[in-house]
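Enquirer: My structure is below; once you've seen it, I'll send some questions.
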Amino acid sequence: MCGITGYIGENKTTDILIDGLKRLEYRGYDSCGIAVVDGKNKLYLRRVSGRVDALDKLVAGDPVKGAQSGVGHTRWATHGAPSEDNAHPHTDCAGEVVVVHNGIIENYLDLKEKLQAGGHKFKSETDTEVIAHLMEDKLKALHVQAAAMRAEMLEPVFFEAFRRTLADLKGSFAISMVWARCPGLLLAARMHSPLVIGLGKGENFIASDVSAFLKHTKKVVFLNDGELAAVRMDGVDYYTFAGKKTAKDSVTIQWDSTMAEKGGYKHFMLKEIHEQAEAVENTLRGRLLPLGGEILKAEMGLSAEAMKGFSSLQFIACGTAYHACLVGRGLFENFGLVASADVASEFTDRAKLMARGTLVVAISQSGETADTLFAVREAKAGGAKVLCITNTVGSTLTREADYVLYTHCGPEIGVASTKAFLGQLAAIYLLAGHFAAARGRLSGAEARRYAEDLLKIPRLIEETLEKEPEIAKIAEAFSASEHFLFISRHLNYPIALEGALKIKEISYVHAEGYPAGEMKHGPIAIIYKGMPLLAVAPSGRTLDLMAGNVEEAKARGADVVAIVDAASRKTVKASRYITLPEAPELFTPMLTVLPLQLFAYYVALAKKCDIDKPRNLAKSVTVR
Ligand code: F6R
């Protein structure tokens with residue numbers, strides 16, 4: 001959701017900014033732009049409504065070779081329609097101060113009214129533009145607009161005006177700014193919206209996430225809320241909004257920039273589907289044996305004693321990560337541990353009602369999802385301990401949680417989450433195994449068996465993905481349908497929800513996931529002759545009931561595709577089957593979701609949808 005790039009150095013500023021924007025495209029956006037300043041204080045501002053490729057073409061002939069600093073942005077519309085005028089960067093009246101912004105300035109209407117009364121002319125409908133005009137006022141108040149000062153002398157003034165501007169803003173923001181009169185300094189600030197600085201040699205970078213500049217440097221500094229950075233070619237200084245200088249440590253990112261490239265696949269989504277065995281393997285590696293021991297203590301300070309002490313677990317997350325939470329709930333309940341799961345945006349008064357001793361488990365691929373962060377803050381305020389499961393090192397969630405369990409999936413670029421989900425499931429199975437063993441719910445021998453079964457999952461994932469050609473054929477056969485139903489029970493019910501979500505996201509058709517037993521309480525009425533119904537029915541204790549529910553749906557005309565294993569195939573009567581390798585019942589969600597991801601992918605492909613950048617969606621949802 002919106003992306004920021006910033007660059008200062010002697011390389012090709014425009015190329016670096018645009019390449020960075022291309023790498024942030026996965027976050028979701030509808031318009032984009034850059035602004036660069038050349039050595040003669042001339043500012044070039046270019047924006048388009050649409051894709052970064054169009055921006056790239058637009059700047060191809062620009063005479064901006066001498067630019068040494070600039071900012072770029074991909075915008076996901078909140079205030080004002082997607083259009084060139086509303087695209088960032090935005091400028092003040094003089095066209096000298098340039099700002100890009102992620103987040104929402106909550107008091108922008110008040111500020112805009114005052115600025116307009118003071119004579120400022122606005123060119124967009126955005127909340128962001130107030131920042132540029134505020135800066136103009138602050139600079140004027142510092143008496144520099146007319147003065148013929150040298151650029152170096154202007155730096156402290158630029159900095160002070162920026163600080164004063166920040167003091168007037170309410171809401172969430174990541175901001176990066178350049179001032180044409182002062183091209184040797186880029187300013188950046190963060191409040192509730194991620195921003196990261198990349199440290200190079202004789203050049204430095206700003207971005208909303210590291211993938212924008214990983215190609216150039218892996219050494220990064222994450223800004224915290226209330227911090228700003230003064231970024232020069234030869235170094236970066238950090239301050240609080242109050243102006244106090246702070247020391248910050250850099251971290252080295254282990255991801256390789258090639259991990260964020262398509263590697264021969266047609267889409268990132270397909271590549272990421274095929275990276276799932278590795279994602280699970282990497283997430284489990286070295287963390288399983290012995291279960292219930294001190295492994296989690298060494299990694300994140302969660303001792304066996306602490307695991308014994310919690311009275312219940314409360315999972316919170318959004319979207320696909322919420323579906324992982326539902327699997328987590330079922331798994332912990334299977335081990336006799338009380339657990340609940342809530343969508344983070346609906347976790348309102350419940351935060352205060354949690355029993356003392358509840359462990360909140362917040363799951364987020366990005367670690368930046370506003371709804372999840374808000375729910376975590378509420379839970380912490382109520383006294384709960386928070387464990388987060390995330391894929392993103394240094395993300396906001398990791399800094400707010402008491403315990404951090406990383407999934408090791410590598411960067412997920414496709415907007416529709418696939419491998420991050422499998423990584424989340426792997427982390428949940430890992431956590432549940434440790435909890436169950438620590439609390440005596442698994443004997444030594446059972447714990448070993450559990451770990452061994454879990455370690456077999458990556459190979460079974462690979463085996464399942466070999467079914468891709470037949471899944472593609474089934475998907476193509478149904479691709480003209482405007483409605484899809486997904487049903488299952490117990491641990492696989494969240495997988496039915498996930499199957500429906502995947503197809504909605506990338507094919508824009510109506511799909512519903514339902515607990516199979518609930519169908520006859522209402523939804524069965526919508527079944528019509530030929531309606532595709534995907535029934536997730538692996539062997540296990542719910543199989544007979546599932547087989548009955550499939551019969552009920554068929555009797556109303558549903559055309560059933562059954563996701564089965566060799567044994568359950570004998571029980572479920574469907575018109576088509578996708579047969580998976582057999583796995584212990586408890587672990588089946590890590591396999592049953594795979595054909596549904598591929599099914600959604602191939603329906604979208606047949607419909608010629610923009611699979612990696614689905615309409616209206618953003619990868620990292622940083623507004624509530
Ligand atoms: C679905 C999808 C979203 C995310 C949700 C939470 O494919 O990607 O539903 O799962 O927005 O995002 P994170 O995990 O980053 O908190």
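Order determines the names: the first chain of the structure tokens is A, the second B, and so forth; residues in each chain are numbered 1 upward, and ligands are numbered 1 upward as they are shown.
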May I have all residues of range 159-191 of chain A that DSSP, computed from the backbone, assigns to strand (DSSP E), given as a list in words?

Expert: Gly171, Ser172, Phe173, Ala174, Ile175, Ser176, Met177, Val178, Trp179, Leu186, Leu187, Ala188, Ala189, Arg190 and Met191 of chain A

Enquirer: Keeping only all heavy atoms, write the selected residues to a file as a short mmCIF file (atom, residue, chain, number, x, y, z; two decimals), in the first residue's frame.

Expert:
data_model
loop_
_atom_site.label_atom_id
_atom_site.label_comp_id
_atom_site.auth_asym_id
_atom_site.auth_seq_id
_atom_site.Cartn_x
_atom_site.Cartn_y
_atom_site.Cartn_z
N GLY A 171 -1.81 11.84 12.83
CA GLY A 171 -2.17 10.70 11.99
C GLY A 171 -1.00 9.76 11.82
O GLY A 171 -0.14 9.65 12.69
N SER A 172 -1.01 9.06 10.68
CA SER A 172 0.07 8.10 10.44
C SER A 172 0.82 8.58 9.21
O SER A 172 0.21 9.01 8.24
CB SER A 172 -0.52 6.71 10.21
OG SER A 172 -1.32 6.74 9.06
N PHE A 173 2.13 8.51 9.28
CA PHE A 173 2.87 8.95 8.10
C PHE A 173 4.28 8.38 8.04
O PHE A 173 4.94 8.16 9.05
CB PHE A 173 2.93 10.48 8.00
CG PHE A 173 3.32 11.19 9.28
CD1 PHE A 173 4.65 11.32 9.64
CD2 PHE A 173 2.35 11.71 10.12
CE1 PHE A 173 5.00 11.99 10.80
CE2 PHE A 173 2.69 12.38 11.30
CZ PHE A 173 4.03 12.51 11.64
N ALA A 174 4.68 8.11 6.81
CA ALA A 174 6.09 7.96 6.48
C ALA A 174 6.28 9.02 5.41
O ALA A 174 5.50 9.08 4.44
CB ALA A 174 6.37 6.59 5.93
N ILE A 175 7.26 9.91 5.64
CA ILE A 175 7.43 11.04 4.72
C ILE A 175 8.87 11.09 4.24
O ILE A 175 9.80 10.86 5.02
CB ILE A 175 7.12 12.37 5.46
CG1 ILE A 175 5.66 12.43 5.88
CG2 ILE A 175 7.48 13.58 4.60
CD1 ILE A 175 5.33 13.62 6.78
N SER A 176 9.02 11.42 2.98
CA SER A 176 10.36 11.73 2.51
C SER A 176 10.26 13.03 1.72
O SER A 176 9.27 13.26 1.01
CB SER A 176 10.89 10.59 1.64
OG SER A 176 12.20 10.90 1.28
N MET A 177 11.29 13.87 1.87
CA MET A 177 11.17 15.20 1.30
C MET A 177 12.49 15.68 0.72
O MET A 177 13.56 15.36 1.24
CB MET A 177 10.75 16.14 2.44
CG MET A 177 10.36 17.50 1.98
SD MET A 177 9.79 18.46 3.38
CE MET A 177 8.11 17.93 3.56
N VAL A 178 12.35 16.43 -0.37
CA VAL A 178 13.53 17.07 -0.95
C VAL A 178 13.17 18.53 -1.20
O VAL A 178 12.01 18.87 -1.45
CB VAL A 178 13.99 16.32 -2.24
CG1 VAL A 178 12.98 16.42 -3.35
CG2 VAL A 178 15.33 16.80 -2.72
N TRP A 179 14.17 19.42 -1.08
CA TRP A 179 13.94 20.85 -1.31
C TRP A 179 14.92 21.27 -2.40
O TRP A 179 16.14 21.06 -2.27
CB TRP A 179 14.21 21.62 0.00
CG TRP A 179 13.92 23.08 -0.06
CD1 TRP A 179 13.04 23.72 -0.86
CD2 TRP A 179 14.56 24.09 0.73
NE1 TRP A 179 13.04 25.06 -0.61
CE2 TRP A 179 13.97 25.32 0.36
CE3 TRP A 179 15.53 24.08 1.72
CZ2 TRP A 179 14.35 26.54 0.95
CZ3 TRP A 179 15.90 25.28 2.31
CH2 TRP A 179 15.31 26.49 1.93
N LEU A 186 18.33 14.92 2.05
CA LEU A 186 16.97 14.35 1.98
C LEU A 186 16.50 14.18 3.42
O LEU A 186 17.28 13.75 4.27
CB LEU A 186 17.01 12.96 1.36
CG LEU A 186 17.05 12.79 -0.15
CD1 LEU A 186 17.04 11.30 -0.48
CD2 LEU A 186 15.84 13.46 -0.79
N LEU A 187 15.24 14.48 3.67
CA LEU A 187 14.71 14.28 5.02
C LEU A 187 13.62 13.22 4.99
O LEU A 187 12.87 13.10 4.02
CB LEU A 187 14.16 15.60 5.56
CG LEU A 187 15.22 16.68 5.81
CD1 LEU A 187 14.57 17.99 6.20
CD2 LEU A 187 16.24 16.25 6.87
N ALA A 188 13.57 12.45 6.07
CA ALA A 188 12.58 11.36 6.14
C ALA A 188 12.09 11.26 7.57
O ALA A 188 12.86 11.49 8.51
CB ALA A 188 13.23 10.05 5.72
N ALA A 189 10.80 10.93 7.74
CA ALA A 189 10.26 10.80 9.10
C ALA A 189 9.23 9.71 9.14
O ALA A 189 8.57 9.41 8.13
CB ALA A 189 9.62 12.13 9.52
N ARG A 190 9.07 9.14 10.32
CA ARG A 190 8.12 8.03 10.47
C ARG A 190 7.23 8.19 11.69
O ARG A 190 7.70 8.52 12.78
CB ARG A 190 8.92 6.73 10.63
CG ARG A 190 8.06 5.63 11.13
CD ARG A 190 8.76 4.38 11.53
NE ARG A 190 7.75 3.60 12.21
CZ ARG A 190 7.50 2.32 12.02
NH1 ARG A 190 8.22 1.64 11.20
NH2 ARG A 190 6.54 1.72 12.66
N MET A 191 5.93 7.97 11.48
CA MET A 191 4.97 7.85 12.58
C MET A 191 3.90 6.85 12.14
O MET A 191 3.09 7.14 11.26
CB MET A 191 4.37 9.23 12.89
CG MET A 191 3.37 9.23 14.05
SD MET A 191 4.05 8.64 15.59
CE MET A 191 4.89 10.09 16.19
#

Enquirer: Quick one: everything within 7 Å of range 526-535 of chain A, counting only C-alpha atoms, minus sequence neighbours fewer than 4 positions away in the same chain. Send it as a count of residues only.

Expert: 14

Enquirer: Using only C-alpha atoms and all ligand atoms, find each residue of chain A with at least one atom at most 7 Å away from an atom of ligand 1; report its shortest atom-to-atom pair and that distance in Å (one decimal), sort the rows by chain and rising residue number, and return the result as CSV.

Expert:
residue,atom,partner,partner_atom_place_in_ligand_line,distance
A:Ala317,CA,ligand 1,16 (O),6.4
A:Cys318,CA,ligand 1,6 (C),4.5
A:Gly319,CA,ligand 1,9 (O),3.2
A:Thr320,CA,ligand 1,10 (O),3.8
A:Ala321,CA,ligand 1,10 (O),4.7
A:Ile363,CA,ligand 1,14 (O),6.4
A:Ser364,CA,ligand 1,14 (O),3.4
A:Gln365,CA,ligand 1,14 (O),3.6
A:Ser366,CA,ligand 1,15 (O),3.6
A:Gly367,CA,ligand 1,15 (O),5.7
A:Glu368,CA,ligand 1,15 (O),6.3
A:Thr369,CA,ligand 1,16 (O),4.6
A:Thr372,CA,ligand 1,16 (O),6.6
A:Val415,CA,ligand 1,8 (O),5.6
A:Ala416,CA,ligand 1,7 (O),3.4
A:Ser417,CA,ligand 1,7 (O),3.7
A:Thr418,CA,ligand 1,7 (O),6.8
A:Leu501,CA,ligand 1,1 (C),6.9
A:Lys502,CA,ligand 1,7 (O),6.1
A:Glu505,CA,ligand 1,7 (O),7.0
A:Lys619,CA,ligand 1,8 (O),6.1
A:Ser620,CA,ligand 1,15 (O),5.5
A:Val621,CA,ligand 1,11 (O),5.8

Enquirer: Restrict the selected residues to N, CA and C atoms and save them as a compact mmCIF listing (two decimals), in the first residue's frame.

Expert:
# COMPACT_ATOMS: atom_id res chain seq x y z
N ALA A 317 -5.23 -11.60 13.49
CA ALA A 317 -4.57 -11.30 12.21
C ALA A 317 -5.64 -10.87 11.21
N CYS A 318 -5.21 -10.60 9.99
CA CYS A 318 -6.14 -10.20 8.93
C CYS A 318 -5.97 -11.12 7.72
N GLY A 319 -7.04 -11.25 6.95
CA GLY A 319 -6.98 -11.92 5.65
C GLY A 319 -6.45 -13.34 5.75
N THR A 320 -5.51 -13.63 4.87
CA THR A 320 -4.92 -14.97 4.84
C THR A 320 -4.29 -15.34 6.18
N ALA A 321 -3.64 -14.37 6.80
CA ALA A 321 -3.00 -14.66 8.09
C ALA A 321 -4.05 -15.03 9.14
N ILE A 363 -0.34 -12.63 13.92
CA ILE A 363 0.33 -13.17 12.73
C ILE A 363 0.26 -12.16 11.59
N SER A 364 1.39 -11.87 10.99
CA SER A 364 1.40 -10.91 9.89
C SER A 364 2.63 -11.12 9.02
N GLN A 365 2.43 -11.36 7.75
CA GLN A 365 3.56 -11.50 6.84
C GLN A 365 4.42 -10.25 6.88
N SER A 366 3.77 -9.11 6.69
CA SER A 366 4.51 -7.85 6.57
C SER A 366 4.97 -7.31 7.91
N GLY A 367 4.23 -7.63 8.95
CA GLY A 367 4.52 -7.03 10.26
C GLY A 367 4.14 -5.56 10.32
N GLU A 368 3.42 -5.08 9.30
CA GLU A 368 3.08 -3.66 9.24
C GLU A 368 1.58 -3.43 9.10
N THR A 369 0.77 -4.46 9.17
CA THR A 369 -0.67 -4.31 8.96
C THR A 369 -1.29 -3.48 10.09
N THR A 372 -3.74 -5.11 12.60
CA THR A 372 -3.09 -6.07 13.51
C THR A 372 -2.28 -5.32 14.57
N VAL A 415 0.76 -10.22 -4.65
CA VAL A 415 -0.13 -9.63 -3.65
C VAL A 415 -0.93 -10.72 -2.94
N ALA A 416 -1.35 -11.73 -3.67
CA ALA A 416 -2.10 -12.82 -3.04
C ALA A 416 -1.10 -13.71 -2.30
N SER A 417 -1.31 -13.81 -1.02
CA SER A 417 -0.35 -14.51 -0.17
C SER A 417 -0.43 -16.03 -0.37
N THR A 418 0.72 -16.66 -0.57
CA THR A 418 0.76 -18.12 -0.71
C THR A 418 1.83 -18.70 0.20
N LEU A 501 -10.96 -16.95 -0.72
CA LEU A 501 -10.30 -15.64 -0.72
C LEU A 501 -9.34 -15.52 -1.91
N LYS A 502 -8.58 -16.59 -2.17
CA LYS A 502 -7.60 -16.54 -3.26
C LYS A 502 -8.29 -16.24 -4.59
N GLU A 505 -9.62 -12.65 -4.79
CA GLU A 505 -8.57 -11.63 -4.93
C GLU A 505 -8.05 -11.50 -6.34
N LYS A 619 -0.48 -4.84 -0.98
CA LYS A 619 0.20 -5.94 -0.30
C LYS A 619 0.31 -5.67 1.20
N SER A 620 0.67 -4.45 1.51
CA SER A 620 0.88 -4.14 2.92
C SER A 620 -0.16 -3.09 3.30
N VAL A 621 -1.12 -3.49 4.14
CA VAL A 621 -2.28 -2.61 4.38
C VAL A 621 -2.03 -1.77 5.63

Enquirer: Using only C-alpha atoms, can you tell me which of A:Leu199, A:Ile413, A:Ala600, A:Ile131 comes closest to Lys112 in chain A?

Expert: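 Of A:Leu199, A:Ile413, A:Ala600, A:Ile131, the one nearest Lys112 in chain A, counting only C-alpha atoms, is A:Ile131.
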
Enquirer: Quick check, in Å to one decimal: how far apart do CA of Arg541 in chain A and CA of Ser443 in chain A lie?

Expert: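 These two atoms are separated by 22.2 Å.
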
Enquirer: Considering only C-alpha atoms, can you say which of A:Ser395, A:Asp544, A:Lys607, A:Gly383 comes closest to Glu482 in chain A?

Expert: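 Comparing A:Ser395, A:Asp544, A:Lys607, A:Gly383 against Glu482 in chain A, the winner is A:Lys607.
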